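Engineer: The structure's right below; bear with me while I get my questions together.
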Amino acid sequence: MKPIRRAIDRFCYKRPRFGIPGLIRFIVFGTALVFVFGLMDTTNTLYNLLAFSPNYILEGQVWRLITFVFVPAQNAPIFLFLMLYLSFVLGSYLEQSWGTAKFTIYYLLSVVLFVTAGMLLHIFFPTLLLLSGLCVSSLFVNSYYIHIFMLLAFATLFPDLRFRFMFVLPMQVKWIGLLTLGLLAYNLFNARFFFPFYLLPLVLFLPYLLFCGDTLYRYLGGPSKETTRSTINFKRAAKRVEQERATRSYSRKCAICGKTDADNPEMEFRYCSRCNGYHCYCMDHINNHTHVQ
């Protein structure tokens with residue numbers, strides 16, 4: 001995924017004005033507005049008109065490809081408020097960290113992949129849809145899962161940041177992310193009888209790994225780019241020293257005083273692993289030198 005990630009970074013660098021400033025504010029405000037009007041709509045006509053539905057999309061109602069993100073995933077006002085509040089805070093924070101262009105690409109990519117997976121499953125599994133008597137895709141293609149993975153992205157990038165969970169309990173974001181990931185797994189496991197539609201939200205792991213894969217890899221213990229570069233430089237220098245050793249009379253030479261093992265066979269020589277490269281020192285200077293950076 002590195003070539004794609006670099007291409008996105010180059011695109012955002014060259015086109016800093018690309019994107020929708022405050023995108024998450026429009027989504028949160030639109031969702032709240034739809035919820036308010038939905039309270040007055042006892043027949044759920046508004047929700048049914050905006051929700052993701054492959055059947056209606058194929059009949060020409062293409063606005064559903066976008067408007068499904070405004071359909072509230074929660075009917076209880078308190079839970080909807082919490083979800084919208086978190087989405088607003090985390091989305092604004094990500095936009096400030098990534099920039100408007102990168103955050104817009106992340107959100108739009110999540111929507112495109114989500115919609116594409118839902119349409120493909122609708123096309124390849126029409127029998128299941130008929131047996132169930134409802135549009136199964138619409139149960140899983142909604143903004144709830146997009147915001148869940150946005151929270152996971154935030155928890156990966158800022159794991160030690162503290163929030164007041166439920167506005168009361170102070171908790172690091174990484175624990176909220178793990179709790180959210182466990183809740184996601186539990187919800188999908190309970191919906192497994194809708195196979196394979198309950199796997200639809202998992203497609204959102206692709207933009208998550210694309211934008212946060214490097215950070216997650218380092219957080220799980222993988223070597224950083226700087227450590228890897230230092231290791232490569234050390235190995236290159238070691239190879240060069242081995243080649244030079246074949247053409248000289250001595251094997252080791254102190255980089256500070258110039259003593260060699262040929263002139264001082266009783267002297268012990270060691271290589272410093274903290275220096276940037278492959279540098280040898282005698283025992284008088286192995287612990288008394290300035291590390292090469």
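Scheme for the structure tokens: letters A, B, ... for chains in order shown; per-chain residue numbers from 1; ligand numbers from 1 in order shown.
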Need the shell around segment 17-21 of chain A: protein/DNA/RNA residues with any atom at most 6 Å away, counting only C-alpha atoms. Skip same-chain ones fewer than 5 positions apart. Format as a list in words?
Structural biologist: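 Skipping anything fewer than 5 positions along the chain leaves Thr100, Ala101 and Thr104 of chain A.
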Engineer: Which residues come within 10 Å of Phe158 of chain A, counting only C-alpha atoms, excluding same-chain residues fewer than 5 positions away, as an MDAnalysis selection string?
Structural biologist: chainID A and resid 94 152:153 172:174 215
Engineer: Output the selection as a short mmCIF file (atom, residue, chain, number, x, y, z; two decimals), in the first residue's frame - C-alpha atoms for each residue.
Structural biologist:
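Output (part-v3.cif):
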```
data_model
loop_
_atom_site.label_atom_id
_atom_site.label_comp_id
_atom_site.auth_asym_id
_atom_site.auth_seq_id
_atom_site.Cartn_x
_atom_site.Cartn_y
_atom_site.Cartn_z
CA LEU A 94 -8.24 14.23 11.85
CA LEU A 152 -10.28 3.46 15.08
CA ALA A 153 -8.11 5.62 12.81
CA GLN A 172 -6.99 7.01 26.78
CA VAL A 173 -8.24 6.87 23.22
CA LYS A 174 -6.49 3.55 22.55
CA THR A 215 1.47 3.94 12.43
#
```
Engineer: Would you mind listing what lies within 10 Å of His147 of chain A as a ChimeraX atom specification, with only C-alpha atoms counted and same-chain residues fewer than 4 positions away left out?
Structural biologist: /A:69,83-84,86-88,90-91,107,110,142-143,151-153
Engineer: Produce a file of the selected residues containing N, CA and C atoms, as a PDB file, in the first residue's frame.
Structural biologist:
```
ATOM      1  N   VAL A  69     -25.327   8.382   4.070  1.00  0.00           N
ATOM      2  CA  VAL A  69     -24.483   8.786   5.204  1.00  0.00           C
ATOM      3  C   VAL A  69     -25.223   9.731   6.141  1.00  0.00           C
ATOM      4  N   MET A  83     -22.842   9.695  19.318  1.00  0.00           N
ATOM      5  CA  MET A  83     -22.174   9.329  18.075  1.00  0.00           C
ATOM      6  C   MET A  83     -21.827  10.561  17.249  1.00  0.00           C
ATOM      7  N   LEU A  84     -22.780  11.499  17.140  1.00  0.00           N
ATOM      8  CA  LEU A  84     -22.523  12.707  16.357  1.00  0.00           C
ATOM      9  C   LEU A  84     -21.466  13.585  17.024  1.00  0.00           C
ATOM     10  N   LEU A  86     -18.934  12.573  18.993  1.00  0.00           N
ATOM     11  CA  LEU A  86     -17.635  11.949  18.775  1.00  0.00           C
ATOM     12  C   LEU A  86     -17.188  12.100  17.323  1.00  0.00           C
ATOM     13  N   SER A  87     -18.133  11.918  16.398  1.00  0.00           N
ATOM     14  CA  SER A  87     -17.791  12.051  14.978  1.00  0.00           C
ATOM     15  C   SER A  87     -17.308  13.459  14.677  1.00  0.00           C
ATOM     16  N   PHE A  88     -17.959  14.443  15.252  1.00  0.00           N
ATOM     17  CA  PHE A  88     -17.562  15.841  15.016  1.00  0.00           C
ATOM     18  C   PHE A  88     -16.172  16.119  15.579  1.00  0.00           C
ATOM     19  N   LEU A  90     -13.706  13.926  16.538  1.00  0.00           N
ATOM     20  CA  LEU A  90     -12.642  13.125  15.950  1.00  0.00           C
ATOM     21  C   LEU A  90     -12.408  13.504  14.500  1.00  0.00           C
ATOM     22  N   GLY A  91     -13.489  13.745  13.749  1.00  0.00           N
ATOM     23  CA  GLY A  91     -13.337  14.141  12.354  1.00  0.00           C
ATOM     24  C   GLY A  91     -12.631  15.476  12.217  1.00  0.00           C
ATOM     25  N   TYR A 107     -12.539   9.929   3.683  1.00  0.00           N
ATOM     26  CA  TYR A 107     -13.979   9.734   3.876  1.00  0.00           C
ATOM     27  C   TYR A 107     -14.651   9.293   2.575  1.00  0.00           C
ATOM     28  N   SER A 110     -13.856   5.694   1.791  1.00  0.00           N
ATOM     29  CA  SER A 110     -14.669   4.787   2.619  1.00  0.00           C
ATOM     30  C   SER A 110     -16.070   4.637   2.043  1.00  0.00           C
ATOM     31  N   ASN A 142     -24.199   1.880   6.151  1.00  0.00           N
ATOM     32  CA  ASN A 142     -24.684   3.120   6.760  1.00  0.00           C
ATOM     33  C   ASN A 142     -23.515   3.854   7.397  1.00  0.00           C
ATOM     34  N   SER A 143     -23.773   5.076   7.823  1.00  0.00           N
ATOM     35  CA  SER A 143     -22.689   5.928   8.332  1.00  0.00           C
ATOM     36  C   SER A 143     -22.121   5.433   9.658  1.00  0.00           C
ATOM     37  N   LEU A 151     -13.126   6.416  14.164  1.00  0.00           N
ATOM     38  CA  LEU A 151     -12.681   6.393  15.554  1.00  0.00           C
ATOM     39  C   LEU A 151     -11.455   5.503  15.712  1.00  0.00           C
ATOM     40  N   LEU A 152     -11.440   4.349  15.015  1.00  0.00           N
ATOM     41  CA  LEU A 152     -10.279   3.459  15.080  1.00  0.00           C
ATOM     42  C   LEU A 152      -9.042   4.133  14.495  1.00  0.00           C
ATOM     43  N   ALA A 153      -9.235   4.884  13.402  1.00  0.00           N
ATOM     44  CA  ALA A 153      -8.113   5.616  12.810  1.00  0.00           C
ATOM     45  C   ALA A 153      -7.569   6.645  13.791  1.00  0.00           C
TER      46      ALA A 153
END
```
Engineer: Would you mind writing down, as a count of residues only, each residue of segment 36-123 of chain A that DSSP on the backbone assigns to helix (DSSP H, G or I)?
Structural biologist: 68
Engineer: Give me, please, the distance in Å between atom CA of Phe114 of chain A and atom CA of Asp41 of chain A, quoted to one decimal.
Structural biologist: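 Separation between atom CA of Phe114 of chain A and atom CA of Asp41 of chain A: 27.4 Å.
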Engineer: From the options A:Ile24, A:Met267, A:Leu220, A:Leu121, which residue's atoms come nearest to Met283 of chain A, counting only C-alpha atoms?
Structural biologist: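 Closest to Met283 of chain A, using only C-alpha atoms: A:Met267.
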Engineer: For each of A:Leu58, A:Leu23, A:Leu33, A:Ile123, take the minimum atom-to-atom distance to Pro72 of chain A, counting only C-alpha atoms, then give the residue where this is smallest.
Structural biologist: A:Leu33
Engineer: Go through A:Leu188, A:Val203, A:Cys254, A:Met119 one by one, measure the shortest atom-to-atom distance of each to Asn55 of chain A using only C-alpha atoms, and give the residue with the smallest value.
Structural biologist: A:Met119
Engineer: Applying 9 Å and only C-alpha atoms, which residues near Tyr250 of chain A remain after dropping the ones on its own chain fewer than 6 positions away? List them as an MDAnalysis selection string.
Structural biologist: chainID A and resid 260:263
Engineer: Find the residues around Lys259 of chain A up to 12 Å (only C-alpha atoms counted), leave out those fewer than 4 positions away in its own chain, and share them as JSON, numbers by chain.
Structural biologist: {"A": [250, 251, 252, 253, 254, 255, 263, 264, 265, 266, 267, 268, 269, 280, 281, 282, 283, 284, 285]}
Engineer: Now that the selection is made, can you save its residues with N, CA and C atoms as a PDB file, in the first residue's frame?
Structural biologist:
```pdb
ATOM      1  N   TYR A 250      46.364  -4.696   8.482  1.00  0.00           N
ATOM      2  CA  TYR A 250      45.712  -4.799   9.784  1.00  0.00           C
ATOM      3  C   TYR A 250      44.223  -5.105   9.600  1.00  0.00           C
ATOM      4  N   SER A 251      43.583  -5.583  10.654  1.00  0.00           N
ATOM      5  CA  SER A 251      42.155  -5.926  10.597  1.00  0.00           C
ATOM      6  C   SER A 251      41.288  -4.853  11.233  1.00  0.00           C
ATOM      7  N   ARG A 252      41.805  -4.213  12.289  1.00  0.00           N
ATOM      8  CA  ARG A 252      41.025  -3.205  13.007  1.00  0.00           C
ATOM      9  C   ARG A 252      41.879  -1.974  13.275  1.00  0.00           C
ATOM     10  N   LYS A 253      41.220  -0.809  13.200  1.00  0.00           N
ATOM     11  CA  LYS A 253      41.911   0.456  13.427  1.00  0.00           C
ATOM     12  C   LYS A 253      40.990   1.393  14.179  1.00  0.00           C
ATOM     13  N   CYS A 254      41.476   2.015  15.237  1.00  0.00           N
ATOM     14  CA  CYS A 254      40.666   2.940  16.021  1.00  0.00           C
ATOM     15  C   CYS A 254      40.404   4.199  15.217  1.00  0.00           C
ATOM     16  N   ALA A 255      39.159   4.608  15.156  1.00  0.00           N
ATOM     17  CA  ALA A 255      38.778   5.785  14.380  1.00  0.00           C
ATOM     18  C   ALA A 255      39.198   7.085  15.067  1.00  0.00           C
ATOM     19  N   ASP A 263      49.813  -3.080  15.034  1.00  0.00           N
ATOM     20  CA  ASP A 263      50.805  -2.386  15.861  1.00  0.00           C
ATOM     21  C   ASP A 263      50.624  -2.664  17.346  1.00  0.00           C
ATOM     22  N   ASN A 264      49.395  -2.965  17.758  1.00  0.00           N
ATOM     23  CA  ASN A 264      49.090  -3.200  19.178  1.00  0.00           C
ATOM     24  C   ASN A 264      48.291  -4.493  19.307  1.00  0.00           C
ATOM     25  N   PRO A 265      48.957  -5.635  19.168  1.00  0.00           N
ATOM     26  CA  PRO A 265      48.235  -6.920  19.212  1.00  0.00           C
ATOM     27  C   PRO A 265      47.578  -7.200  20.563  1.00  0.00           C
ATOM     28  N   GLU A 266      48.104  -6.551  21.636  1.00  0.00           N
ATOM     29  CA  GLU A 266      47.510  -6.773  22.960  1.00  0.00           C
ATOM     30  C   GLU A 266      46.254  -5.922  23.180  1.00  0.00           C
ATOM     31  N   MET A 267      46.020  -4.931  22.304  1.00  0.00           N
ATOM     32  CA  MET A 267      44.874  -4.026  22.450  1.00  0.00           C
ATOM     33  C   MET A 267      43.605  -4.689  21.928  1.00  0.00           C
ATOM     34  N   GLU A 268      42.499  -4.452  22.623  1.00  0.00           N
ATOM     35  CA  GLU A 268      41.197  -4.983  22.196  1.00  0.00           C
ATOM     36  C   GLU A 268      40.425  -3.887  21.470  1.00  0.00           C
ATOM     37  N   PHE A 269      39.813  -4.242  20.343  1.00  0.00           N
ATOM     38  CA  PHE A 269      39.060  -3.289  19.527  1.00  0.00           C
ATOM     39  C   PHE A 269      37.594  -3.739  19.427  1.00  0.00           C
ATOM     40  N   CYS A 280      35.178   1.505  14.205  1.00  0.00           N
ATOM     41  CA  CYS A 280      35.911   0.705  15.188  1.00  0.00           C
ATOM     42  C   CYS A 280      36.674   1.626  16.146  1.00  0.00           C
ATOM     43  N   TYR A 281      36.748   1.189  17.415  1.00  0.00           N
ATOM     44  CA  TYR A 281      37.448   1.976  18.424  1.00  0.00           C
ATOM     45  C   TYR A 281      38.258   1.045  19.314  1.00  0.00           C
ATOM     46  N   CYS A 282      39.376   1.563  19.813  1.00  0.00           N
ATOM     47  CA  CYS A 282      40.143   0.804  20.796  1.00  0.00           C
ATOM     48  C   CYS A 282      39.453   0.909  22.150  1.00  0.00           C
ATOM     49  N   MET A 283      39.962   0.157  23.122  1.00  0.00           N
ATOM     50  CA  MET A 283      39.309   0.138  24.429  1.00  0.00           C
ATOM     51  C   MET A 283      39.410   1.487  25.138  1.00  0.00           C
ATOM     52  N   ASP A 284      40.383   2.317  24.734  1.00  0.00           N
ATOM     53  CA  ASP A 284      40.509   3.635  25.352  1.00  0.00           C
ATOM     54  C   ASP A 284      39.438   4.602  24.875  1.00  0.00           C
ATOM     55  N   HIS A 285      38.838   4.336  23.727  1.00  0.00           N
ATOM     56  CA  HIS A 285      37.899   5.273  23.141  1.00  0.00           C
ATOM     57  C   HIS A 285      36.520   4.679  22.845  1.00  0.00           C
TER      58      HIS A 285
END
```
Engineer: Go through segment 62-182 of chain A and collect every residue that DSSP, computed from the backbone, puts in strand (DSSP E or B); the answer should be as a list in words.
Structural biologist: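 Selection result, strand (DSSP E or B) within segment 62-182 of chain A: Arg162, Phe163, Arg164, Phe165, Leu169, Pro170, Met171 and Gln172 of chain A.
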Engineer: So which one's closest to Gly277 of chain A, A:Arg162, A:Lys239, A:Lys14, A:Lys102? Using only C-alpha atoms, please.
Structural biologist: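 Using only C-alpha atoms, the shortest distance to Gly277 of chain A belongs to A:Lys239.
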Engineer: Find the residue from A:Ile176, A:Val28, A:Leu109, A:Ile256 that sits nearest to Ala155 of chain A; use only C-alpha atoms when measuring.
Structural biologist: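 Closest residue, counting only C-alpha atoms: A:Ile176.
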